[in-house]
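**Q** Quick one: the structure is below, and I'll ask about it shortly.
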Amino acid sequence: MISIENVTKKYVNKTALKNVNMQFEKGKVTGIVGENGSGKSTTLKLMAGLIYPTSGKVLIDDKQARRLSSNKVAYMSELESFYSYFTVKDAIDYFASQFTDFERGQAEEIVSFMNLELNQKVKHLSKGNRGRLKIAITLARRAPYILLDEPFSGLDPMVRNSIVKGLIKFIDLEKQTLIVTTHEILEIEPILDDAIVIKGGEILARESVEDIRENGQSVVEWMERKYREERRK
Ligand SMILES: Nc1ncnc2c1ncn2[C@@H]1O[C@H](COP(=O)(O)OP(=O)(O)OP(=O)(O)O)[C@@H](O)[C@H]1O
């Protein structure tokens with residue numbers, strides 16, 4: 001389980017998270033949604049151990065999240081991170097050399113599923129295909145926790161669709177937990193168990209998607225309602 005306990009995160013002149021508590025149970029798919037600047041990426045970076053809380057704790061299976069010690073977390077940032085002179089195969093080789101839980105066979109299978117070719121140069125790939133490659137590389141790790149920051153950012157609906165299918169096909173929810181931040185809620189909704197909505201560094205609500213649907217709402221409508229309720233306060 002990942003446990004965020006009373007976490008406040010301050011950057012130099014900005015408080016990005018304010019005394020936040022969240023738990024992520026094994027085997028679930030959770031979406032973190034909210035407007036720009038609400039604290040979604042900060043939450044994932046804390047879990048990946050890339051940044052540390054100003055106060056409070058982030059625990060991964062009861063141990064403090066740390067960048068170098070955490071082989072439990074596969075994190076995909078929203079930034080472009082491939083060396084442009086790599087081929088797809090070079091990218092796979094590079095990540096295989098960095099992570100002991102990286103499965104080359106799985107990487108090649110996902111790459112082929114995403115219609116990429118091993119000898120293609122990364123700099124010649126379209127933005128959509130670079131997005132697919134980033135996902136393929138992340139999903140090729142057998143880490144228990146997979147964190148995806150904006151996996152659909154700037155990608156067209158067909159690419160988003162193939163990414164969602166890839167998530168379903170290549171994540172083993174018997175052993176893995178998926179946490180995704182996104183503005184493309186419609187696309188991710190079919191695979192979510194839980195949704196968390198945040199605003200201004202605070203959690204407005206967390207609910208199971210089944211309950212949201214039982215109330216006759218989509219996750220987007222639920223999020224918008226939570227924002228409206230907050231504004232009325
Ligand atoms: N390195 C940083 N230094 C200073 N402020 C930062 C830094 N990173 C994030 N922030 C600020 O912290 C707040 C939360 O940022 P964060 O990136 O977590 O939001 P987000 O919900 O992921 O936004 P978006 O949807 O736009 O990606 C924002 O106000 C942002 O400007």
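Residues in the structure tokens are named by chain (A, B, ... in the order shown) and by number from 1 within that chain; ligands are numbered from 1 in the order shown.
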Could you tell me, counting only C-alpha atoms and all ligand atoms, which protein and nucleic acid residues lie no more than 10 Å from ligand 1, written as number ranges by chain?
**A** A: 9-17, 32-46, 51, 78, 149-150, 153, 181-183, 198-201
**Q** With C-alpha atoms retained, write the just-selected residues as an mmCIF file, in the first residue's frame.
**A**
data_model
loop_
_atom_site.group_PDB
_atom_site.id
_atom_site.type_symbol
_atom_site.label_atom_id
_atom_site.label_comp_id
_atom_site.auth_asym_id
_atom_site.auth_seq_id
_atom_site.Cartn_x
_atom_site.Cartn_y
_atom_site.Cartn_z
ATOM 1 C CA LYS A 9 4.589 20.229 0.136
ATOM 2 C CA LYS A 10 5.893 23.746 -0.243
ATOM 3 C CA TYR A 11 7.931 24.954 -3.167
ATOM 4 C CA VAL A 12 9.802 28.227 -2.701
ATOM 5 C CA ASN A 13 6.807 30.541 -2.888
ATOM 6 C CA LYS A 14 3.945 28.093 -3.329
ATOM 7 C CA THR A 15 2.206 25.510 -1.156
ATOM 8 C CA ALA A 16 1.346 22.747 -3.638
ATOM 9 C CA LEU A 17 -0.210 20.292 -1.147
ATOM 10 C CA ILE A 32 -6.312 11.772 -9.663
ATOM 11 C CA VAL A 33 -8.174 14.615 -11.323
ATOM 12 C CA GLY A 34 -8.407 18.367 -10.878
ATOM 13 C CA GLU A 35 -7.709 21.680 -12.569
ATOM 14 C CA ASN A 36 -4.249 22.877 -13.663
ATOM 15 C CA GLY A 37 -1.939 23.521 -10.740
ATOM 16 C CA SER A 38 -4.099 21.617 -8.216
ATOM 17 C CA GLY A 39 -1.205 19.383 -7.094
ATOM 18 C CA LYS A 40 -1.598 16.184 -9.142
ATOM 19 C CA SER A 41 1.975 15.956 -10.467
ATOM 20 C CA THR A 42 3.367 16.929 -7.078
ATOM 21 C CA THR A 43 1.466 14.006 -5.535
ATOM 22 C CA LEU A 44 2.962 11.515 -8.004
ATOM 23 C CA LYS A 45 6.501 12.925 -7.674
ATOM 24 C CA LEU A 46 6.269 12.505 -3.905
ATOM 25 C CA ILE A 51 10.727 15.185 -4.187
ATOM 26 C CA GLU A 78 4.676 14.187 -18.154
ATOM 27 C CA ASP A 149 1.499 11.499 -15.016
ATOM 28 C CA GLU A 150 -0.743 12.729 -17.846
ATOM 29 C CA SER A 153 -1.137 14.706 -22.807
ATOM 30 C CA THR A 181 -3.263 11.779 -13.228
ATOM 31 C CA THR A 182 -5.175 13.068 -16.204
ATOM 32 C CA HIS A 183 -7.358 15.749 -17.722
ATOM 33 C CA ILE A 198 -8.070 17.773 -5.778
ATOM 34 C CA LYS A 199 -8.115 21.553 -5.846
ATOM 35 C CA GLY A 200 -5.577 24.032 -4.547
ATOM 36 C CA GLY A 201 -3.525 21.255 -2.942
#
**Q** Write out as a list in words the residues lying within 12 Å of A:Leu116, counting only C-alpha atoms and excluding same-chain residues fewer than 5 positions away.
**A**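 The contact residues come out as Thr87, Val88, Lys89, Ala107, Glu108, Glu109, Ile110, Val111, Lys121, Val122, His124, Leu125, Ser126, Gly128, Asn129, Arg130, Gly131, Arg132, Leu133, Lys134, Ile135, Ala136 and Ser162 of chain A.
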**Q** Would you save the residues from that selection as a PDB file, in the first residue's frame, using N, CA and C atoms?
**A**
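Final output, again-v1.pdb:
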ATOM      1  N   THR A  87      17.203   4.793 -31.033  1.00  0.00           N
ATOM      2  CA  THR A  87      16.114   4.093 -31.718  1.00  0.00           C
ATOM      3  C   THR A  87      15.205   3.536 -30.614  1.00  0.00           C
ATOM      4  N   VAL A  88      14.055   2.996 -31.031  1.00  0.00           N
ATOM      5  CA  VAL A  88      13.155   2.385 -30.045  1.00  0.00           C
ATOM      6  C   VAL A  88      13.902   1.270 -29.306  1.00  0.00           C
ATOM      7  N   LYS A  89      14.683   0.496 -30.044  1.00  0.00           N
ATOM      8  CA  LYS A  89      15.438  -0.604 -29.414  1.00  0.00           C
ATOM      9  C   LYS A  89      16.471  -0.057 -28.425  1.00  0.00           C
ATOM     10  N   ALA A 107       8.516  -5.433 -23.005  1.00  0.00           N
ATOM     11  CA  ALA A 107       8.703  -4.140 -23.692  1.00  0.00           C
ATOM     12  C   ALA A 107       8.497  -4.316 -25.191  1.00  0.00           C
ATOM     13  N   GLU A 108       9.087  -5.376 -25.749  1.00  0.00           N
ATOM     14  CA  GLU A 108       8.972  -5.587 -27.199  1.00  0.00           C
ATOM     15  C   GLU A 108       7.532  -5.902 -27.586  1.00  0.00           C
ATOM     16  N   GLU A 109       6.854  -6.647 -26.700  1.00  0.00           N
ATOM     17  CA  GLU A 109       5.452  -6.974 -26.977  1.00  0.00           C
ATOM     18  C   GLU A 109       4.578  -5.706 -26.963  1.00  0.00           C
ATOM     19  N   ILE A 110       4.829  -4.837 -25.983  1.00  0.00           N
ATOM     20  CA  ILE A 110       4.009  -3.616 -25.897  1.00  0.00           C
ATOM     21  C   ILE A 110       4.312  -2.701 -27.088  1.00  0.00           C
ATOM     22  N   VAL A 111       5.604  -2.604 -27.418  1.00  0.00           N
ATOM     23  CA  VAL A 111       6.018  -1.771 -28.541  1.00  0.00           C
ATOM     24  C   VAL A 111       5.304  -2.229 -29.821  1.00  0.00           C
ATOM     25  N   LYS A 121      13.872   5.668 -35.284  1.00  0.00           N
ATOM     26  CA  LYS A 121      14.571   6.660 -34.453  1.00  0.00           C
ATOM     27  C   LYS A 121      13.538   7.474 -33.668  1.00  0.00           C
ATOM     28  N   VAL A 122      13.836   7.691 -32.387  1.00  0.00           N
ATOM     29  CA  VAL A 122      12.886   8.424 -31.546  1.00  0.00           C
ATOM     30  C   VAL A 122      12.609   9.808 -32.135  1.00  0.00           C
ATOM     31  N   HIS A 124      12.374  10.657 -35.075  1.00  0.00           N
ATOM     32  CA  HIS A 124      11.483  10.601 -36.239  1.00  0.00           C
ATOM     33  C   HIS A 124      10.064  10.160 -35.871  1.00  0.00           C
ATOM     34  N   LEU A 125       9.850   9.852 -34.609  1.00  0.00           N
ATOM     35  CA  LEU A 125       8.502   9.426 -34.196  1.00  0.00           C
ATOM     36  C   LEU A 125       7.597  10.646 -34.053  1.00  0.00           C
ATOM     37  N   SER A 126       6.308  10.432 -34.321  1.00  0.00           N
ATOM     38  CA  SER A 126       5.340  11.506 -34.061  1.00  0.00           C
ATOM     39  C   SER A 126       5.196  11.663 -32.546  1.00  0.00           C
ATOM     40  N   GLY A 128       2.528  11.378 -30.836  1.00  0.00           N
ATOM     41  CA  GLY A 128       1.689  10.271 -30.359  1.00  0.00           C
ATOM     42  C   GLY A 128       2.501   9.009 -30.155  1.00  0.00           C
ATOM     43  N   ASN A 129       3.417   8.752 -31.095  1.00  0.00           N
ATOM     44  CA  ASN A 129       4.225   7.537 -30.965  1.00  0.00           C
ATOM     45  C   ASN A 129       5.275   7.669 -29.866  1.00  0.00           C
ATOM     46  N   ARG A 130       5.773   8.879 -29.644  1.00  0.00           N
ATOM     47  CA  ARG A 130       6.683   9.056 -28.492  1.00  0.00           C
ATOM     48  C   ARG A 130       5.917   8.816 -27.194  1.00  0.00           C
ATOM     49  N   GLY A 131       4.660   9.255 -27.164  1.00  0.00           N
ATOM     50  CA  GLY A 131       3.807   9.006 -25.991  1.00  0.00           C
ATOM     51  C   GLY A 131       3.619   7.512 -25.769  1.00  0.00           C
ATOM     52  N   ARG A 132       3.360   6.790 -26.880  1.00  0.00           N
ATOM     53  CA  ARG A 132       3.183   5.337 -26.760  1.00  0.00           C
ATOM     54  C   ARG A 132       4.468   4.680 -26.252  1.00  0.00           C
ATOM     55  N   LEU A 133       5.614   5.166 -26.763  1.00  0.00           N
ATOM     56  CA  LEU A 133       6.896   4.566 -26.348  1.00  0.00           C
ATOM     57  C   LEU A 133       7.143   4.786 -24.852  1.00  0.00           C
ATOM     58  N   LYS A 134       6.823   6.003 -24.394  1.00  0.00           N
ATOM     59  CA  LYS A 134       7.010   6.302 -22.965  1.00  0.00           C
ATOM     60  C   LYS A 134       6.189   5.343 -22.095  1.00  0.00           C
ATOM     61  N   ILE A 135       4.951   5.112 -22.528  1.00  0.00           N
ATOM     62  CA  ILE A 135       4.073   4.193 -21.789  1.00  0.00           C
ATOM     63  C   ILE A 135       4.643   2.772 -21.849  1.00  0.00           C
ATOM     64  N   ALA A 136       5.088   2.359 -23.049  1.00  0.00           N
ATOM     65  CA  ALA A 136       5.602   0.987 -23.222  1.00  0.00           C
ATOM     66  C   ALA A 136       6.770   0.742 -22.278  1.00  0.00           C
ATOM     67  N   SER A 162      -5.525   3.540 -27.831  1.00  0.00           N
ATOM     68  CA  SER A 162      -4.575   2.419 -27.838  1.00  0.00           C
ATOM     69  C   SER A 162      -3.806   2.375 -26.515  1.00  0.00           C
TER      70      SER A 162
END
**Q** I need the residue nearest A:Asn161 from this list: A:Arg142, A:Tyr94, A:Leu148, A:Glu187. Use only C-alpha atoms for the distance.
**A**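 Ranking A:Arg142, A:Tyr94, A:Leu148, A:Glu187 by distance to A:Asn161, first place goes to A:Glu187.
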**Q** Fewer than 2 positions away in the same chain doesn't count, so skip those; otherwise give me all residues within 12 Å of stretch 215-227 of chain A, counting only C-alpha atoms, as a ChimeraX atom specification.
**A** /A:30-35,38,182-200,202-213,229-233
**Q** Suppose we keep C-alpha atoms; can you now write the selection as a PDB file, in the first residue's frame?
**A**
ATOM      1  CA  THR A  30      -7.035   5.244  -9.168  1.00  0.00           C
ATOM      2  CA  GLY A  31      -7.393   8.441 -11.147  1.00  0.00           C
ATOM      3  CA  ILE A  32      -6.312  11.772  -9.663  1.00  0.00           C
ATOM      4  CA  VAL A  33      -8.174  14.615 -11.323  1.00  0.00           C
ATOM      5  CA  GLY A  34      -8.407  18.367 -10.878  1.00  0.00           C
ATOM      6  CA  GLU A  35      -7.709  21.680 -12.569  1.00  0.00           C
ATOM      7  CA  SER A  38      -4.099  21.617  -8.216  1.00  0.00           C
ATOM      8  CA  THR A 182      -5.175  13.068 -16.204  1.00  0.00           C
ATOM      9  CA  HIS A 183      -7.358  15.749 -17.722  1.00  0.00           C
ATOM     10  CA  GLU A 184      -8.663  13.131 -20.202  1.00  0.00           C
ATOM     11  CA  ILE A 185     -11.139  11.704 -17.733  1.00  0.00           C
ATOM     12  CA  LEU A 186     -13.545  10.319 -20.311  1.00  0.00           C
ATOM     13  CA  GLU A 187     -10.857   8.027 -21.709  1.00  0.00           C
ATOM     14  CA  ILE A 188      -9.597   6.720 -18.386  1.00  0.00           C
ATOM     15  CA  GLU A 189     -12.984   6.370 -16.663  1.00  0.00           C
ATOM     16  CA  PRO A 190     -13.722   2.835 -17.984  1.00  0.00           C
ATOM     17  CA  ILE A 191     -10.674   1.398 -16.198  1.00  0.00           C
ATOM     18  CA  LEU A 192     -10.868   3.353 -12.917  1.00  0.00           C
ATOM     19  CA  ASP A 193     -11.833   1.820  -9.594  1.00  0.00           C
ATOM     20  CA  ASP A 194     -11.513   5.064  -7.624  1.00  0.00           C
ATOM     21  CA  ALA A 195     -11.318   8.757  -8.382  1.00  0.00           C
ATOM     22  CA  ILE A 196      -9.759  11.497  -6.275  1.00  0.00           C
ATOM     23  CA  VAL A 197     -10.482  15.134  -7.012  1.00  0.00           C
ATOM     24  CA  ILE A 198      -8.070  17.773  -5.778  1.00  0.00           C
ATOM     25  CA  LYS A 199      -8.115  21.553  -5.846  1.00  0.00           C
ATOM     26  CA  GLY A 200      -5.577  24.032  -4.547  1.00  0.00           C
ATOM     27  CA  GLU A 202      -6.453  19.800  -0.991  1.00  0.00           C
ATOM     28  CA  ILE A 203      -8.574  16.705  -1.556  1.00  0.00           C
ATOM     29  CA  LEU A 204     -12.157  17.672  -2.280  1.00  0.00           C
ATOM     30  CA  ALA A 205     -13.431  14.099  -2.531  1.00  0.00           C
ATOM     31  CA  ARG A 206     -12.577  10.482  -3.143  1.00  0.00           C
ATOM     32  CA  GLU A 207     -15.131   7.986  -4.327  1.00  0.00           C
ATOM     33  CA  SER A 208     -15.399   4.631  -6.037  1.00  0.00           C
ATOM     34  CA  VAL A 209     -16.341   4.994  -9.681  1.00  0.00           C
ATOM     35  CA  GLU A 210     -19.059   2.384  -9.157  1.00  0.00           C
ATOM     36  CA  ASP A 211     -20.699   4.632  -6.538  1.00  0.00           C
ATOM     37  CA  ILE A 212     -20.330   7.691  -8.782  1.00  0.00           C
ATOM     38  CA  ARG A 213     -22.104   5.814 -11.589  1.00  0.00           C
ATOM     39  CA  GLU A 229     -19.844  22.690  -3.964  1.00  0.00           C
ATOM     40  CA  GLU A 230     -16.404  23.970  -2.933  1.00  0.00           C
ATOM     41  CA  ARG A 231     -17.030  27.356  -4.576  1.00  0.00           C
ATOM     42  CA  ARG A 232     -20.325  27.725  -2.708  1.00  0.00           C
ATOM     43  CA  LYS A 233     -18.606  27.281   0.675  1.00  0.00           C
TER      44      LYS A 233
END
**Q** Could you pull out the strand (DSSP E) residues of stretch 4-229 of chain A, going by DSSP on the backbone, and write them as a ChimeraX atom specification?
**A** /A:4-11,14-24,29-33,55-60,63-64,73-76,145-149,177-181,194-199,202-208
